[in-house]
Amino acid sequence: MAVTTPIADLGWHAAPFRLKGVDGKMHTLKELSGRHGTLVIFICNHCPYVKAVLPRIIRDARELLPLGVNTIAINSNDDSTYPEDSFENMQCIAAEMDFPFHYLHDETQEVARAYGAVCTPDFYAFDGGGCLHYRGRLDASGREPAPEDAPRELFDAMRLIAYYGYGPGDQYPSIGCSIKWRDSELGEAPVGKKALAA
């Protein structure tokens with residue numbers, strides 16, 4: 001079932017984390033953050049909404065690097081019920097598509113809860129100081145890619161943040177498959193309120 005992100009509560013700071021990447025090493029938010037901004041994306045391997053935009057995510061991440069903006073992708077899905085989202089398959093897709101960013105495994109799902117992530121893909125655009133200025137969609141894509149000439153909403157927002165330190169006034173929610181929680185009885189942590197050990 002498709003889920004849309006809520007109206008963003010902007011202005012909170014990125015919760016620190018320490019997660020295992022597909023390179024087999026542990027990485028922290030502080031280590032991976034960009035000088036002028038950081039784009040944190042919750043994705044997975046199996047979601048058709050992610051597959052529809054993954055080439056564009058890769059394109060945007062590459063083009064943001066010269067602006068001092070780093071991208072971090074995180075997979076928080078329960079791979080016991082969705083084996084395609086396993087760590088091994090994360091390694092395969094990252095290598096196959098030559099990800100220009102670190103792809104991290106949120107095995108405990110604590111990071112997704114700390115950020116209030118609800119779907120894949122879910123985009124968070126932070127400035128150089130780690131303050132959230134954009135939580136919207138990549139573009140008008142859904143289960144199928146939007147036309148090639150569709151406005152690059154996420155890229156333009158991140159460029160605005162990198163240059164001027166603020167995001168756009170109009171932001172449209174992202175849409176995707178729900179995060180696959182291990183225990184649906186557990187509620188999500190308040191957005192930006194749960195601190196994690198770096």
# chains A, B, ... in the order shown; residues from 1 in each chain; ligands from 1
call {"tool": "select_by_dssp", "arguments": {"residues": "stretch 46-183 of chain A", "states": "alpha helix (DSSP H)", "output": "JSON, numbers by chain"}}
result
{"A": [48, 49, 50, 51, 52, 53, 54, 55, 56, 57, 58, 59, 60, 61, 62, 63, 64, 87, 88, 89, 90, 91, 92, 93, 94, 95, 96, 110, 111, 112, 113, 114, 115, 153, 154, 155, 156, 157, 158, 159, 160, 161, 162, 163, 164]}
call {"tool": "residues_around", "arguments": {"residues": "A:Phe155", "least_positions_apart": "4", "cutoff": "12 Å", "atoms": "only C-alpha atoms", "output": "VMD selection string"}}
result
chain A and resid 37 to 39 56 to 65 67 69 71 123 to 125 134 to 139 150 to 151 159 to 162 167 to 168
call {"tool": "closest_residue", "arguments": {"among": "A:Ala8, A:Val22, A:Ala140, A:Ala15", "to": "A:Ala95", "atoms": "only C-alpha atoms"}}
result
A:Val22
call {"tool": "select_by_dssp", "arguments": {"residues": "stretch 4-128 of chain A", "states": "strand (DSSP E or B)", "output": "ChimeraX atom specification"}}
result
/A:4,13,18-21,26-28,37-42,69-75,102-105,119-120,122-127
call {"tool": "residues_around", "arguments": {"residues": "stretch 45-50 of chain A", "least_positions_apart": "4", "cutoff": "7 Å", "atoms": "only C-alpha atoms", "output": "list in words"}}
result
Leu54, Glu84, Asp85, Met90, Thr120, Pro121, Gly142, Arg143, Gly176 and Cys177 of chain A
call {"tool": "closest_residue", "arguments": {"among": "A:Leu10, A:Ala117, A:Tyr166, A:Ser80", "to": "A:Ser178", "atoms": "only C-alpha atoms"}}
result
A:Ala117
call {"tool": "closest_residue", "arguments": {"among": "A:Lys51, A:Arg35, A:Arg152, A:Lys180", "to": "A:Gly165", "atoms": "only C-alpha atoms"}}
result
A:Arg35
call {"tool": "atom_distance", "arguments": {"atom1": "atom CA of A:Gly116", "atom2": "atom CA of A:Asp98"}}
result
27.9 Å
call {"tool": "atom_distance", "arguments": {"atom1": "atom CA of A:Tyr163", "atom2": "atom CA of A:Pro100"}}
result
21.4 Å
call {"tool": "closest_residue", "arguments": {"among": "A:Ala14, A:Ile41, A:Ile93, A:Ala52", "to": "A:Ser76", "atoms": "only C-alpha atoms"}}
result
A:Ile41
call {"tool": "residues_around", "arguments": {"residues": "stretch 16-19 of chain A", "least_positions_apart": "2", "cutoff": "12 Å", "atoms": "only C-alpha atoms", "output": "PDB file with C-alpha atoms, in the first residue's frame"}}
result
ATOM      1  CA  HIS A  13      18.607  18.588  13.571  1.00  0.00           C
ATOM      2  CA  ALA A  14      19.670  15.253  12.111  1.00  0.00           C
ATOM      3  CA  GLY A  21      27.671   0.137   5.156  1.00  0.00           C
ATOM      4  CA  VAL A  22      27.784  -2.193   2.178  1.00  0.00           C
ATOM      5  CA  ASP A  23      31.570  -1.806   2.301  1.00  0.00           C
ATOM      6  CA  GLY A  24      31.500  -3.762   5.568  1.00  0.00           C
ATOM      7  CA  LYS A  25      32.608  -0.766   7.649  1.00  0.00           C
ATOM      8  CA  MET A  26      30.776   1.236  10.294  1.00  0.00           C
ATOM      9  CA  HIS A  27      29.932   4.829   9.385  1.00  0.00           C
ATOM     10  CA  THR A  28      28.603   7.795  11.343  1.00  0.00           C
ATOM     11  CA  LEU A  29      26.488  10.725  10.271  1.00  0.00           C
ATOM     12  CA  LYS A  30      29.291  13.095  11.252  1.00  0.00           C
ATOM     13  CA  GLU A  31      31.774  11.243   9.048  1.00  0.00           C
ATOM     14  CA  LEU A  32      29.512  11.191   5.987  1.00  0.00           C
ATOM     15  CA  SER A  33      27.970  14.669   6.193  1.00  0.00           C
ATOM     16  CA  VAL A  40      19.567  11.384   3.919  1.00  0.00           C
ATOM     17  CA  ILE A  72      23.520   8.896   2.523  1.00  0.00           C
ATOM     18  CA  ALA A  73      21.111   6.046   1.754  1.00  0.00           C
ATOM     19  CA  ILE A  74      19.677   3.890   4.538  1.00  0.00           C
ATOM     20  CA  ASN A  75      17.721   0.630   4.342  1.00  0.00           C
ATOM     21  CA  SER A  76      15.608   0.015   7.460  1.00  0.00           C
ATOM     22  CA  PHE A  87      22.311  -6.772   3.525  1.00  0.00           C
ATOM     23  CA  HIS A 102      27.220   5.025   1.155  1.00  0.00           C
ATOM     24  CA  TYR A 103      24.344   2.564   1.520  1.00  0.00           C
ATOM     25  CA  LEU A 104      23.799   1.740   5.201  1.00  0.00           C
ATOM     26  CA  HIS A 105      21.875  -1.004   6.990  1.00  0.00           C
ATOM     27  CA  ASP A 106      19.596   0.108   9.833  1.00  0.00           C
ATOM     28  CA  GLU A 107      19.161  -3.398  11.202  1.00  0.00           C
ATOM     29  CA  THR A 108      17.542  -2.331  14.493  1.00  0.00           C
ATOM     30  CA  GLN A 109      15.303   0.213  12.718  1.00  0.00           C
ATOM     31  CA  GLU A 110      16.227   2.759  15.402  1.00  0.00           C
ATOM     32  CA  VAL A 111      17.429   5.313  12.865  1.00  0.00           C
ATOM     33  CA  ALA A 112      14.224   5.169  10.824  1.00  0.00           C
ATOM     34  CA  ARG A 113      12.230   5.709  14.008  1.00  0.00           C
ATOM     35  CA  ALA A 114      14.463   8.576  15.109  1.00  0.00           C
ATOM     36  CA  TYR A 115      13.919  10.338  11.788  1.00  0.00           C
ATOM     37  CA  GLY A 130      22.535  19.497  10.108  1.00  0.00           C
ATOM     38  CA  GLY A 192      14.034  14.472  15.370  1.00  0.00           C
ATOM     39  CA  LYS A 193      13.669  13.885  19.116  1.00  0.00           C
ATOM     40  CA  LYS A 194      15.356  10.549  19.664  1.00  0.00           C
ATOM     41  CA  ALA A 195      19.111  10.775  20.079  1.00  0.00           C
ATOM     42  CA  LEU A 196      21.239   7.898  18.863  1.00  0.00           C
ATOM     43  CA  ALA A 197      24.765   7.056  19.863  1.00  0.00           C
ATOM     44  CA  ALA A 198      27.234   8.146  17.221  1.00  0.00           C
TER      45      ALA A 198
END
